[in-house]
Amino acid sequence: MRDLTKGSIIRLMLLFSLPILLGSLFQQAYNLVDIIIVGKKLGELSLSAVGSTTAVVSLMFNIINGLCTGFAIPVAKHYGANDMNKVRRTVAGMITYSAIITALIMTLCIVFVEPLLTVLNTPAEIFEQAKLYLTIVAGGLIVTLIYNLEANILRALGDSIVPLIILVISAVLNVGLDFLFIFGFGMGVDGAALATVIAQLISAIVCFVYLIRKCPFLKLGRSDFRLHGEEIKSLLASGLGMALMYSIVDIGSIVLQNGINGLGTGIISAHTAARKIFSFTIMPFSAISATLVTFVSQNLGAGKFDRIKKSIKYGLLIGYGWSTLAVLIVYLFGEQLVLMIAPADNREIIDTAVNYLRINVPFYYALNTLLSLRCTLQGLGKSVVPIGASIVEMIWKIVTVVAVIPVCGYFGVCISEPIIWTASGLLVAVIAIKTLRAFEKA
């Protein structure tokens, strides 16, 4: 466990964020392996089937990730204040409320999978494959929840290394299972989905064993599940606030996916390839944001406001440095990156995916500002503004589908997010500055 309220700020931030970044890399790596194998071995229709469910899968995963990340904020705050009784009660609350919400999501997705894919305008030729893939992923959400709970508890306590090690093991297993199920057993998209679920299950089991052995102060008793009114309010406000923020963005993405699906399987394949590259290139921003949530929360609990301000400055500077590097990578090697995923014999798919990346990546400076300051506000217990910014983003994506795509086609999709990143980033920056000044005067 690591106390983030003492010592060199930049050193602690780098040591904490690097394992998160590497963990995200491995997580995306085994997701990318699914896409590469599906695209190269099973063909364009299977790739489109997986791609057509991307927004829904992302929504489910991000609700769970948002819940666990948000629930971990008071854990970090109480750990920074060295109040282990409240740490245990908060962890007990995390388990209870996240299990209820995840069970509800699983049930709704499995029961309504066909209407959902119909609303998404999923092409008939890939409908059954998309249904199979989405059903398996939804059925494995409980495994996703367990691992995310464990990983976020450890991060709240300052340990970001163990979740990384476990993810590396999971990534290697996932690759092996992909080849076994698809090449060995001749399975289709169901093999890719099962490989991911099984790999996550093993991650969850290993992480659980570690928590039992190395964190005896987290041993929960019956009394720990009896939370007081203010504790429940604080926990739910933090967890549901973060989940709502994540889900609002993804609801907008689902609406946007509807517009993309209506453009045909070629565009779906191109967008799927581009978004996989996109997912890799934004991982440093996610690592910085996760670091800021924990760093700000622990130091808020310890009453060290100067450390909070410095951590924000360092986080933004690191993100801007990565933004510059990402622009260079995409403009110099964008086509080579896309060719790792998309069929090499389809020039239109390749050019469309590369064009998407080259339009989006220069706006990473705005995206970094938005994500870093949004998570800073969450760490400070101010969830209203981040949620508001997410609502604005959702509304804009709806406008894109209704008004922009019919006029501009796929170009409208390409410019949609850069516009909202810039607008929301400016809004959140202004409010974050005012919030920090108010804390400083208090």
# chains A, B, ... in the order shown; residues from 1 in each chain; ligands from 1
$ residues_around --residues "Leu300 in chain A" --least-positions-apart "2" --cutoff "12 Å" --atoms "only C-alpha atoms" --output "PyMOL selection string"
chain A and resi 4-5+73-81+292-298+302-309+376-381+436+439-440
$ residues_around --residues "Leu426 in chain A" --least-positions-apart "2" --cutoff "12 Å" --atoms "only C-alpha atoms" --output "number ranges by chain"
A: 365-371, 373-374, 389, 419-424, 428-433
$ write_last_selection --atoms "C-alpha atoms" --output "compact mmCIF listing (two decimals), in the first residue's frame"
# COMPACT_ATOMS: atom_id res chain seq x y z
CA TYR A 365 -5.06 18.64 -25.74
CA ALA A 366 -8.72 19.53 -25.12
CA LEU A 367 -9.57 15.92 -24.22
CA ASN A 368 -6.75 15.77 -21.67
CA THR A 369 -7.97 18.98 -20.05
CA LEU A 370 -11.53 17.67 -19.89
CA LEU A 371 -10.70 14.24 -18.43
CA LEU A 373 -10.15 18.28 -14.48
CA ARG A 374 -13.37 16.26 -14.53
CA ALA A 389 -20.47 18.22 -18.92
CA ILE A 419 -16.05 19.85 -31.08
CA ILE A 420 -17.53 18.67 -27.80
CA TRP A 421 -14.11 17.97 -26.20
CA THR A 422 -13.14 21.57 -26.84
CA ALA A 423 -16.40 23.08 -25.57
CA SER A 424 -16.66 20.84 -22.49
CA VAL A 428 -14.84 22.33 -16.91
CA ALA A 429 -11.56 24.29 -16.79
CA VAL A 430 -13.34 27.53 -15.81
CA ILE A 431 -15.38 25.77 -13.10
CA ALA A 432 -12.37 23.82 -11.80
CA ILE A 433 -10.40 27.05 -11.35
$ select_by_dssp --residues "range 316-361 of chain A" --states "helix (DSSP H, G or I)" --output "ChimeraX atom specification"
/A:316-339,347-361
$ write_last_selection --atoms "N, CA and C atoms" --output "compact mmCIF listing (two decimals), in the first residue's frame"
# COMPACT_ATOMS: atom_id res chain seq x y z
N LEU A 316 -1.75 17.65 -15.82
CA LEU A 316 -2.06 18.32 -17.09
C LEU A 316 -0.83 18.37 -17.99
N LEU A 317 0.33 18.69 -17.42
CA LEU A 317 1.55 18.80 -18.22
C LEU A 317 1.94 17.45 -18.83
N ILE A 318 1.82 16.38 -18.06
CA ILE A 318 2.11 15.05 -18.59
C ILE A 318 1.17 14.72 -19.75
N GLY A 319 -0.10 15.05 -19.59
CA GLY A 319 -1.08 14.79 -20.64
C GLY A 319 -0.82 15.58 -21.90
N TYR A 320 -0.41 16.83 -21.76
CA TYR A 320 -0.12 17.65 -22.95
C TYR A 320 1.11 17.11 -23.69
N GLY A 321 2.07 16.60 -22.92
CA GLY A 321 3.25 16.01 -23.56
C GLY A 321 2.86 14.78 -24.38
N TRP A 322 1.98 13.94 -23.83
CA TRP A 322 1.53 12.77 -24.57
C TRP A 322 0.71 13.17 -25.79
N SER A 323 -0.07 14.21 -25.68
CA SER A 323 -0.88 14.67 -26.81
C SER A 323 0.01 14.98 -28.02
N THR A 324 1.13 15.64 -27.75
CA THR A 324 2.07 15.99 -28.83
C THR A 324 2.64 14.73 -29.47
N LEU A 325 3.02 13.77 -28.63
CA LEU A 325 3.57 12.52 -29.15
C LEU A 325 2.53 11.75 -29.95
N ALA A 326 1.29 11.74 -29.49
CA ALA A 326 0.21 11.02 -30.18
C ALA A 326 -0.04 11.59 -31.56
N VAL A 327 0.01 12.91 -31.69
CA VAL A 327 -0.17 13.55 -32.99
C VAL A 327 0.90 13.07 -33.97
N LEU A 328 2.14 13.04 -33.50
CA LEU A 328 3.26 12.61 -34.36
C LEU A 328 3.09 11.14 -34.78
N ILE A 329 2.71 10.30 -33.84
CA ILE A 329 2.55 8.87 -34.13
C ILE A 329 1.47 8.64 -35.18
N VAL A 330 0.32 9.28 -34.99
CA VAL A 330 -0.81 9.05 -35.90
C VAL A 330 -0.54 9.59 -37.29
N TYR A 331 0.09 10.76 -37.38
CA TYR A 331 0.34 11.33 -38.70
C TYR A 331 1.47 10.63 -39.44
N LEU A 332 2.41 10.05 -38.69
CA LEU A 332 3.52 9.35 -39.35
C LEU A 332 3.23 7.87 -39.60
N PHE A 333 2.50 7.24 -38.67
CA PHE A 333 2.33 5.79 -38.75
C PHE A 333 0.86 5.36 -38.68
N GLY A 334 -0.07 6.27 -38.94
CA GLY A 334 -1.49 5.95 -38.83
C GLY A 334 -1.92 4.79 -39.70
N GLU A 335 -1.46 4.76 -40.95
CA GLU A 335 -1.87 3.69 -41.86
C GLU A 335 -1.35 2.34 -41.40
N GLN A 336 -0.11 2.31 -40.92
CA GLN A 336 0.47 1.05 -40.45
C GLN A 336 -0.30 0.52 -39.24
N LEU A 337 -0.74 1.43 -38.38
CA LEU A 337 -1.52 1.02 -37.21
C LEU A 337 -2.86 0.42 -37.62
N VAL A 338 -3.53 1.06 -38.56
CA VAL A 338 -4.84 0.58 -39.02
C VAL A 338 -4.69 -0.78 -39.70
N LEU A 339 -3.61 -0.98 -40.45
CA LEU A 339 -3.39 -2.24 -41.17
C LEU A 339 -3.21 -3.43 -40.22
N ARG A 347 -9.02 -0.80 -49.46
CA ARG A 347 -8.41 0.52 -49.37
C ARG A 347 -9.35 1.55 -48.74
N GLU A 348 -10.64 1.40 -49.03
CA GLU A 348 -11.62 2.36 -48.52
C GLU A 348 -11.69 2.32 -47.00
N ILE A 349 -11.69 1.11 -46.43
CA ILE A 349 -11.72 0.97 -44.97
C ILE A 349 -10.49 1.59 -44.34
N ILE A 350 -9.33 1.31 -44.93
CA ILE A 350 -8.06 1.83 -44.39
C ILE A 350 -8.04 3.35 -44.42
N ASP A 351 -8.37 3.94 -45.56
CA ASP A 351 -8.34 5.40 -45.70
C ASP A 351 -9.34 6.08 -44.77
N THR A 352 -10.52 5.48 -44.62
CA THR A 352 -11.54 6.06 -43.75
C THR A 352 -11.08 6.06 -42.29
N ALA A 353 -10.49 4.95 -41.86
CA ALA A 353 -10.01 4.85 -40.47
C ALA A 353 -8.88 5.82 -40.19
N VAL A 354 -7.94 5.93 -41.12
CA VAL A 354 -6.81 6.85 -40.95
C VAL A 354 -7.30 8.30 -40.89
N ASN A 355 -8.26 8.63 -41.74
CA ASN A 355 -8.79 9.98 -41.76
C ASN A 355 -9.46 10.32 -40.43
N TYR A 356 -10.19 9.36 -39.86
CA TYR A 356 -10.82 9.58 -38.55
C TYR A 356 -9.77 9.93 -37.50
N LEU A 357 -8.68 9.16 -37.47
CA LEU A 357 -7.63 9.39 -36.47
C LEU A 357 -6.97 10.74 -36.66
N ARG A 358 -6.70 11.11 -37.89
CA ARG A 358 -6.00 12.37 -38.15
C ARG A 358 -6.85 13.59 -37.84
N ILE A 359 -8.15 13.44 -37.87
CA ILE A 359 -9.03 14.54 -37.49
C ILE A 359 -9.14 14.65 -35.96
N ASN A 360 -9.21 13.50 -35.29
CA ASN A 360 -9.45 13.49 -33.84
C ASN A 360 -8.23 13.79 -32.98
N VAL A 361 -7.10 13.21 -33.32
CA VAL A 361 -5.93 13.25 -32.43
C VAL A 361 -5.43 14.66 -32.12
$ closest_residue --among "A:Thr135, A:Asn346, A:Asn65, A:Ser372" --to "Phe285 in chain A" --atoms "only C-alpha atoms"
A:Ser372
$ residues_around --residues "Leu235 in chain A" --least-positions-apart "4" --cutoff "12 Å" --atoms "only C-alpha atoms" --output "number ranges by chain"
A: 67-78, 86-87, 89-98, 227-231, 239-242, 381
$ closest_atom_pairs --of "range 200-264 of chain A" --to "range 137-146 of chain A" --cutoff "7 Å" --atoms "only C-alpha atoms" --output "tab-separated table"
residue	atom	partner	partner_atom	distance
A:Gln200	CA	A:Val143	CA	6.3
A:Leu201	CA	A:Val143	CA	5.4
A:Ala204	CA	A:Ile146	CA	5.9
$ write_last_selection --atoms "N, CA and C atoms" --output "PDB file, in the first residue's frame"
ATOM      1  N   GLN A 200     -10.818 -12.624 -17.627  1.00  0.00           N
ATOM      2  CA  GLN A 200     -11.196 -11.712 -16.546  1.00  0.00           C
ATOM      3  C   GLN A 200     -11.509 -12.482 -15.262  1.00  0.00           C
ATOM      4  N   LEU A 201     -12.114 -13.652 -15.403  1.00  0.00           N
ATOM      5  CA  LEU A 201     -12.437 -14.471 -14.239  1.00  0.00           C
ATOM      6  C   LEU A 201     -11.171 -14.864 -13.488  1.00  0.00           C
ATOM      7  N   ALA A 204      -9.836 -11.936 -11.578  1.00  0.00           N
ATOM      8  CA  ALA A 204     -10.615 -11.665 -10.367  1.00  0.00           C
ATOM      9  C   ALA A 204     -10.245 -12.618  -9.241  1.00  0.00           C
TER      10      ALA A 204
END
$ residues_around --residues "Gly7 in chain A" --least-positions-apart "5" --cutoff "12 Å" --atoms "only C-alpha atoms" --output "ChimeraX atom specification"
/A:2,12-13,15,299,307
$ write_last_selection --atoms "C-alpha atoms" --output "PDB file, in the first residue's frame"
ATOM      1  CA  ARG A   2       1.241   3.548  -0.721  1.00  0.00           C
ATOM      2  CA  LEU A  12       4.485   9.413  -6.579  1.00  0.00           C
ATOM      3  CA  MET A  13       2.216  10.337  -9.491  1.00  0.00           C
ATOM      4  CA  LEU A  15       4.966   5.556  -9.876  1.00  0.00           C
ATOM      5  CA  ASN A 299      -4.791  14.439   0.157  1.00  0.00           C
ATOM      6  CA  ARG A 307      -0.323  18.928  -2.822  1.00  0.00           C
TER       7      ARG A 307
END
$ closest_residue --among "A:Met394, A:Ile405, A:Ala55, A:Leu45" --to "Gly259 in chain A" --atoms "only C-alpha atoms"
A:Ile405
